[in-house]
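To be precise, the following lines are input_39.csv, and they hold CSV, C-alpha atoms.
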```csv
chain,number,residue,atom,x,y,z
A,1,MET,CA,15.1,8.2,-17.9
A,2,LEU,CA,14.4,4.6,-17.1
A,3,TYR,CA,13.6,3.5,-13.6
A,4,LEU,CA,13.8,-0.2,-12.5
A,5,ILE,CA,11.8,-0.2,-9.3
A,6,GLY,CA,11.7,-3.1,-6.8
A,7,LEU,CA,8.2,-3.6,-5.3
A,8,GLY,CA,9.3,-5.7,-2.3
A,9,LEU,CA,7.0,-8.5,-1.2
A,10,ASN,CA,3.5,-6.9,-0.8
A,11,ALA,CA,1.4,-4.3,-2.5
A,12,GLU,CA,2.4,-1.6,0.0
A,13,SER,CA,6.1,-2.3,0.3
A,14,ILE,CA,7.4,0.0,-2.5
A,15,SER,CA,9.9,2.4,-1.0
A,16,MET,CA,9.5,6.1,-0.7
A,17,ARG,CA,12.2,6.5,-3.3
A,18,GLY,CA,10.4,4.1,-5.6
A,19,LEU,CA,7.1,5.9,-5.1
A,20,SER,CA,8.8,9.3,-5.8
A,21,ALA,CA,10.2,8.0,-9.0
A,22,VAL,CA,6.9,6.5,-10.2
A,23,LYS,CA,5.2,9.9,-9.6
A,24,LYS,CA,7.5,11.4,-12.2
A,25,CYS,CA,7.0,8.8,-14.9
A,26,LYS,CA,4.5,9.2,-17.7
A,27,LYS,CA,4.5,5.4,-18.4
A,28,VAL,CA,4.6,2.7,-15.7
A,29,TYR,CA,5.0,-0.9,-16.6
A,30,LEU,CA,4.7,-4.0,-14.4
A,31,GLU,CA,6.9,-7.0,-15.3
A,32,ASN,CA,4.5,-9.9,-15.0
A,33,TYR,CA,6.2,-13.0,-16.2
A,34,THR,CA,8.6,-14.1,-13.4
A,35,VAL,CA,6.2,-14.6,-10.5
A,36,ASN,CA,2.6,-15.2,-9.4
A,37,PHE,CA,1.7,-12.0,-7.7
A,38,PRO,CA,0.2,-12.3,-4.2
A,39,TYR,CA,-2.0,-9.2,-4.9
A,40,SER,CA,-3.8,-7.7,-7.9
A,41,ILE,CA,-2.6,-5.0,-10.3
A,42,ASN,CA,-5.6,-2.9,-9.1
A,43,GLU,CA,-4.3,-3.1,-5.5
A,44,LEU,CA,-0.9,-1.9,-6.6
A,45,SER,CA,-2.3,0.8,-8.9
A,46,SER,CA,-4.3,2.2,-5.9
A,47,VAL,CA,-1.1,2.4,-3.8
A,48,ILE,CA,1.1,4.2,-6.4
A,49,GLU,CA,-1.9,6.2,-7.8
A,50,LYS,CA,-0.9,5.5,-11.4
A,51,LYS,CA,-2.2,3.5,-14.3
A,52,ILE,CA,-0.1,0.3,-14.8
A,53,ALA,CA,0.5,-1.4,-18.1
A,54,PRO,CA,1.5,-5.1,-18.0
A,55,ALA,CA,4.8,-6.0,-19.5
A,56,ASN,CA,5.4,-9.6,-20.6
A,57,ARG,CA,8.8,-11.2,-21.4
A,58,GLU,CA,8.5,-10.5,-25.1
A,59,PHE,CA,8.0,-6.8,-24.5
A,60,VAL,CA,10.8,-6.4,-21.9
A,61,GLU,CA,13.3,-8.4,-23.9
A,62,SER,CA,12.5,-6.4,-27.1
A,63,PHE,CA,14.0,-3.3,-25.4
A,64,LYS,CA,11.0,-1.2,-26.6
A,65,ILE,CA,11.0,0.3,-23.2
A,66,ILE,CA,14.4,1.8,-24.0
A,67,ASP,CA,13.1,3.6,-27.0
A,68,GLU,CA,10.3,5.1,-24.8
A,69,ALA,CA,12.8,6.2,-22.2
A,70,LYS,CA,14.6,8.2,-24.8
A,71,LYS,CA,11.6,10.5,-24.9
A,72,THR,CA,10.2,10.5,-21.4
A,73,ASP,CA,10.5,9.0,-17.9
A,74,VAL,CA,9.5,5.4,-17.8
A,75,ALA,CA,9.3,3.0,-14.9
A,76,LEU,CA,9.4,-0.8,-14.9
A,77,LEU,CA,8.0,-2.2,-11.7
A,78,ILE,CA,9.5,-5.6,-10.6
A,79,TYR,CA,8.3,-7.8,-7.8
A,80,GLY,CA,10.9,-8.2,-5.1
A,81,SER,CA,14.2,-6.7,-6.0
A,82,PRO,CA,15.0,-5.5,-9.6
A,83,LEU,CA,18.1,-7.6,-10.4
A,84,THR,CA,17.1,-11.1,-9.3
A,85,ALA,CA,16.3,-11.8,-13.0
A,86,THR,CA,19.0,-11.7,-15.6
A,87,THR,CA,16.8,-10.0,-18.2
A,88,HIS,CA,16.8,-6.9,-16.1
A,89,ILE,CA,20.6,-6.5,-16.0
A,90,SER,CA,20.5,-6.8,-19.8
A,91,LEU,CA,18.0,-4.0,-19.9
A,92,ILE,CA,20.3,-1.8,-17.9
A,93,HIS,CA,23.2,-2.6,-20.2
A,94,GLU,CA,21.2,-1.8,-23.3
A,95,ALA,CA,20.1,1.5,-21.7
A,96,GLU,CA,23.7,2.4,-21.0
A,97,GLU,CA,24.7,1.5,-24.6
A,98,SER,CA,21.9,3.7,-25.9
A,99,GLY,CA,22.9,6.7,-23.7
A,100,ILE,CA,19.8,6.4,-21.5
A,101,LYS,CA,20.1,7.2,-17.8
A,102,CYS,CA,18.9,4.3,-15.6
A,103,GLU,CA,18.2,4.3,-11.9
A,104,ILE,CA,17.8,1.1,-9.9
A,105,VAL,CA,15.6,1.3,-6.8
A,106,TYR,CA,16.2,-1.8,-4.7
A,107,ASN,CA,13.8,-3.6,-2.3
A,108,ALA,CA,13.4,-6.8,-0.3
A,109,SER,CA,13.1,-10.1,-2.2
A,110,ILE,CA,12.5,-13.8,-1.4
A,111,LEU,CA,16.3,-14.1,-1.0
A,112,ASP,CA,15.9,-12.0,2.2
A,113,ALA,CA,12.6,-13.4,3.3
A,114,VAL,CA,13.7,-17.0,3.5
A,115,ALA,CA,15.7,-16.1,6.6
A,116,GLU,CA,12.3,-16.2,8.5
A,117,THR,CA,12.6,-20.0,8.3
A,118,GLY,CA,15.5,-19.8,10.7
A,119,LEU,CA,17.9,-21.1,8.1
A,120,GLN,CA,21.1,-19.1,8.1
A,121,LEU,CA,21.5,-17.2,4.8
A,122,TYR,CA,25.2,-17.7,4.6
A,123,LYS,CA,24.6,-21.5,4.6
A,124,PHE,CA,22.7,-21.4,1.3
A,125,GLY,CA,24.3,-22.7,-1.8
A,126,LYS,CA,23.6,-21.9,-5.5
A,127,ILE,CA,20.0,-21.0,-6.2
A,128,SER,CA,18.1,-23.1,-8.7
A,129,SER,CA,14.8,-22.7,-10.6
A,130,MET,CA,12.2,-25.4,-11.2
A,131,PRO,CA,10.5,-25.0,-14.6
A,132,LYS,CA,7.0,-26.2,-15.4
A,133,TRP,CA,7.3,-29.5,-17.3
A,134,ASP,CA,5.3,-30.2,-20.5
A,135,LYS,CA,5.5,-34.0,-21.0
A,136,GLU,CA,3.5,-33.8,-24.2
A,137,LYS,CA,6.3,-31.7,-25.7
A,138,ASN,CA,9.0,-33.9,-24.0
A,139,PHE,CA,10.0,-30.8,-21.9
A,140,THR,CA,11.1,-32.2,-18.5
A,141,PRO,CA,14.3,-30.3,-17.5
A,142,ASP,CA,15.7,-31.5,-14.2
A,143,SER,CA,19.1,-29.8,-14.0
A,144,PHE,CA,17.8,-27.8,-10.9
A,145,MET,CA,18.3,-31.0,-9.0
A,146,GLU,CA,21.9,-31.3,-10.0
A,147,ILE,CA,22.5,-27.9,-8.4
A,148,VAL,CA,20.8,-29.2,-5.2
A,149,LYS,CA,23.0,-32.3,-5.2
A,150,ASN,CA,26.1,-30.1,-5.5
A,151,ASN,CA,24.9,-27.9,-2.7
A,152,LEU,CA,24.3,-30.9,-0.4
A,153,SER,CA,27.8,-32.1,-1.1
A,154,ILE,CA,29.1,-29.0,0.6
A,155,LYS,CA,26.4,-29.1,3.3
A,156,ALA,CA,24.6,-26.0,1.9
A,157,HIS,CA,20.9,-25.5,1.9
A,158,SER,CA,19.1,-25.3,-1.5
A,159,LEU,CA,16.6,-22.7,-2.4
A,160,ILE,CA,14.4,-23.8,-5.4
A,161,LEU,CA,12.4,-21.0,-7.1
A,162,ILE,CA,9.3,-22.2,-8.7
A,163,ASP,CA,8.1,-21.4,-12.2
A,164,ILE,CA,5.0,-19.2,-12.7
A,165,ASN,CA,1.7,-21.1,-12.6
A,166,LEU,CA,3.3,-24.4,-11.4
A,167,GLU,CA,0.9,-25.7,-8.9
A,168,PHE,CA,2.3,-27.2,-5.6
A,169,GLN,CA,1.3,-30.8,-6.1
A,170,ASP,CA,2.7,-30.8,-9.7
A,171,ALA,CA,6.0,-29.3,-8.3
A,172,LEU,CA,6.2,-32.1,-5.7
A,173,LYS,CA,5.9,-34.7,-8.5
A,174,GLN,CA,8.6,-33.1,-10.5
A,175,LEU,CA,10.8,-32.8,-7.4
A,176,LYS,CA,10.3,-36.5,-6.5
A,177,ILE,CA,11.2,-37.7,-10.0
A,178,SER,CA,14.2,-35.5,-10.2
A,179,ALA,CA,15.5,-36.4,-6.7
A,180,GLU,CA,15.3,-40.1,-7.5
A,181,LYS,CA,17.2,-39.6,-10.7
A,182,TYR,CA,20.0,-37.7,-9.0
A,183,GLY,CA,20.1,-39.7,-5.8
A,184,VAL,CA,19.1,-36.7,-3.6
A,185,ASN,CA,17.5,-37.2,-0.2
A,186,ALA,CA,14.5,-34.9,-0.3
A,187,SER,CA,12.6,-36.5,2.6
A,188,LYS,CA,12.1,-33.3,4.5
A,189,LEU,CA,11.2,-29.9,2.9
A,190,VAL,CA,10.7,-26.3,3.9
A,191,ILE,CA,7.9,-24.6,2.0
A,192,CYS,CA,7.6,-20.8,1.9
A,193,GLN,CA,4.4,-19.3,0.6
A,194,ALA,CA,3.9,-15.6,-0.1
A,195,LEU,CA,6.4,-14.4,2.5
A,196,GLY,CA,6.1,-10.8,3.5
A,197,THR,CA,2.3,-10.7,3.0
A,198,LYS,CA,-0.8,-11.6,5.0
A,199,LYS,CA,-0.9,-14.9,3.1
A,200,GLY,CA,2.6,-15.8,4.3
A,201,LYS,CA,3.2,-19.4,5.4
A,202,ILE,CA,6.1,-21.5,6.3
A,203,LEU,CA,5.9,-25.3,6.5
A,204,TYR,CA,8.6,-27.9,7.6
A,205,LYS,CA,7.3,-31.3,6.8
A,206,ASN,CA,8.2,-34.8,5.6
A,207,PHE,CA,7.8,-35.2,1.8
A,208,GLN,CA,5.2,-37.9,2.3
A,209,ASP,CA,3.0,-35.7,4.5
A,210,LEU,CA,3.1,-33.0,1.8
A,211,GLU,CA,1.9,-35.3,-1.0
A,212,ASP,CA,-1.6,-35.2,0.5
A,213,PHE,CA,-1.4,-31.5,1.5
A,214,HIS,CA,-3.3,-29.0,-0.6
A,215,GLY,CA,-2.9,-25.9,1.5
A,216,VAL,CA,0.0,-24.3,-0.5
A,217,LYS,CA,-0.9,-21.6,-3.1
A,218,CYS,CA,1.3,-19.6,-5.5
A,219,PRO,CA,3.6,-17.9,-5.1
A,220,TYR,CA,5.8,-20.3,-3.1
A,221,CYS,CA,9.3,-21.7,-3.1
A,222,ILE,CA,10.9,-24.9,-1.8
A,223,ILE,CA,14.0,-25.3,0.3
A,224,ILE,CA,15.8,-28.6,0.7
A,225,PRO,CA,17.8,-28.1,3.9
A,226,SER,CA,21.2,-29.6,4.4
A,227,THR,CA,22.9,-30.3,7.8
A,228,LEU,CA,21.1,-28.2,10.4
A,229,HIS,CA,22.7,-26.1,13.2
A,230,PHE,CA,20.9,-26.7,16.5
A,231,ILE,CA,19.4,-23.2,16.4
A,232,GLU,CA,18.1,-23.8,12.8
A,233,LYS,CA,16.6,-27.1,13.9
A,234,GLU,CA,14.9,-25.5,16.9
A,235,ILE,CA,13.3,-22.7,14.8
A,236,LEU,CA,12.3,-25.0,11.9
A,237,ASN,CA,10.6,-27.4,14.3
A,238,ASN,CA,8.1,-24.6,15.1
A,239,TYR,CA,6.9,-24.9,11.5
A,240,SER,CA,6.6,-28.6,11.4
```

Encoded form (structure tokens):
Amino acid sequence: MLYLIGLGLNAESISMRGLSAVKKCKKVYLENYTVNFPYSINELSSVIEKKIAPANREFVESFKIIDEAKKTDVALLIYGSPLTATTHISLIHEAEESGIKCEIVYNASILDAVAETGLQLYKFGKISSMPKWDKEKNFTPDSFMEIVKNNLSIKAHSLILIDINLEFQDALKQLKISAEKYGVNASKLVICQALGTKKGKILYKNFQDLEDFHGVKCPYCIIIPSTLHFIEKEILNNYS
């Protein structure tokens, strides 16, 4: 049996169902390549009272975990909710093709938590991801900003998920270059840091003010808001 278990947003937010499933498993893996965790593996291990083995992208995408699940109960722990990354749905499909039972245990994710900003969830457009650039290897993808531009054209807010280990000031530089290229107005941003934890923080500031701001740590995401409803504006102003 294979369990894909969402951890939610903090070390103690695993659900009772998720905890019950973990207790049955002989092997417990933690997917560690899609997010900077706001807590340590040791903290999580003490909560679930199990030894945790880290699982990188190569391991998960190799489907070796499927072979293990043929013999015993195995859990893959995933920050947030299990199906926010496409790799995980591929894992479920492969398990089904191999005749392995698979259970998904859902939990809260950043897609829920951004509602704390006051922005209305149904007014968000397509989600984009900002990768970490490597200029030495000429790797500077900026298609995430094309998605933002399309969202703004229909007056939808844009949630930009940030690549692992991409520091805030570097992300701002990438954002500025990309926004200028696509003609996007990114003069005011919403920043969400580690929502759902004690380190949680929401900022609503002008881009220029953020360029000299060093108070944002991983994990965080960036929102480029579109036209604001008066209630959205009122709540956002509390974070300015």

Q.
Neighbouring residues of A:Leu195 were defined as those with any atom within 8 Å, considering all atoms listed in the file; residues of the same chain fewer than 4 positions away were excluded. Please report them as a VMD selection string.
A. chain A and resid 9 110 113 to 114 199 to 201

Q: Just give me the gap between atom CA of A:Leu203 and atom CA of A:Leu189 in Å, one decimal is fine.
A: 7.9 Å

(Q) Please list as JSON, numbers by chain every residue within 10 Å of stretch 209-211 of chain A, counting only C-alpha atoms and excluding residues in the same chain fewer than 5 positions away. (A) {"A": [168, 169, 170, 172, 173, 187, 188, 189, 191, 203, 204, 216]}

**Q.** atom CA of A:Gln193 to atom CA of A:Asn237, straight-line distance in Å
**A.**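 That distance, rounded to one decimal, is 17.1 Å.
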
Give me the residues of stretch 4-47 of chain A that have any atom at most 8 Å from an atom of stretch 63-81 of chain A; for each, the nearest atom pair and the distance in Å, rounded to one decimal. Use only C-alpha atoms, sort by chain and number, and format it as a Markdown table.
```
| residue | atom | partner | partner_atom | distance |
| --- | --- | --- | --- | --- |
| A:Leu4 | CA | A:Leu76 | CA | 5.0 |
| A:Ile5 | CA | A:Leu77 | CA | 4.9 |
| A:Gly6 | CA | A:Ser81 | CA | 4.5 |
| A:Leu7 | CA | A:Tyr79 | CA | 4.9 |
| A:Gly8 | CA | A:Gly80 | CA | 4.1 |
| A:Leu9 | CA | A:Gly80 | CA | 5.5 |
| A:Ala21 | CA | A:Ala75 | CA | 7.8 |
| A:Val22 | CA | A:Ala75 | CA | 6.3 |
| A:Lys24 | CA | A:Asp73 | CA | 6.9 |
| A:Cys25 | CA | A:Asp73 | CA | 4.6 |
| A:Lys26 | CA | A:Asp73 | CA | 6.0 |
| A:Lys27 | CA | A:Val74 | CA | 5.0 |
| A:Val28 | CA | A:Ala75 | CA | 4.8 |
| A:Tyr29 | CA | A:Leu76 | CA | 4.7 |
| A:Leu30 | CA | A:Leu77 | CA | 4.6 |
| A:Glu31 | CA | A:Ile78 | CA | 5.6 |
| A:Asn32 | CA | A:Ile78 | CA | 7.9 |
| A:Val35 | CA | A:Tyr79 | CA | 7.6 |
| A:Phe37 | CA | A:Tyr79 | CA | 7.8 |
```

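Minimum atom-to-atom distances from A:Asn206, A:Thr227, A:Thr197, A:Thr87 to A:Ser240 were compared using only C-alpha atoms, and the lowest value belongs to A:Asn206.
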
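Counting all atoms listed in the file and comparing A:Ile104, A:Ala55, A:Met16, A:Cys192, the residue that lies closest to A:Ile162 is A:Cys192.
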
Q) With all atoms listed in the file as the atoms that count, which of A:Ser40, A:Tyr33, A:Thr86, A:Asn151 lies nearest to A:Glu58? A)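 For A:Glu58, the nearest of the given residues is A:Tyr33.
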
Q. How far is it from atom CA of A:Ala115 to atom CA of A:Glu232, in Å with one decimal?
A. 10.2 Å

Q. For the point (17.0, -24.3, 12.5) in file coordinates, what residues are within 12 Å, counting only C-alpha atoms? Give the answer as a ChimeraX atom specification?
A. /A:115-121,123,157,190,204,225-240
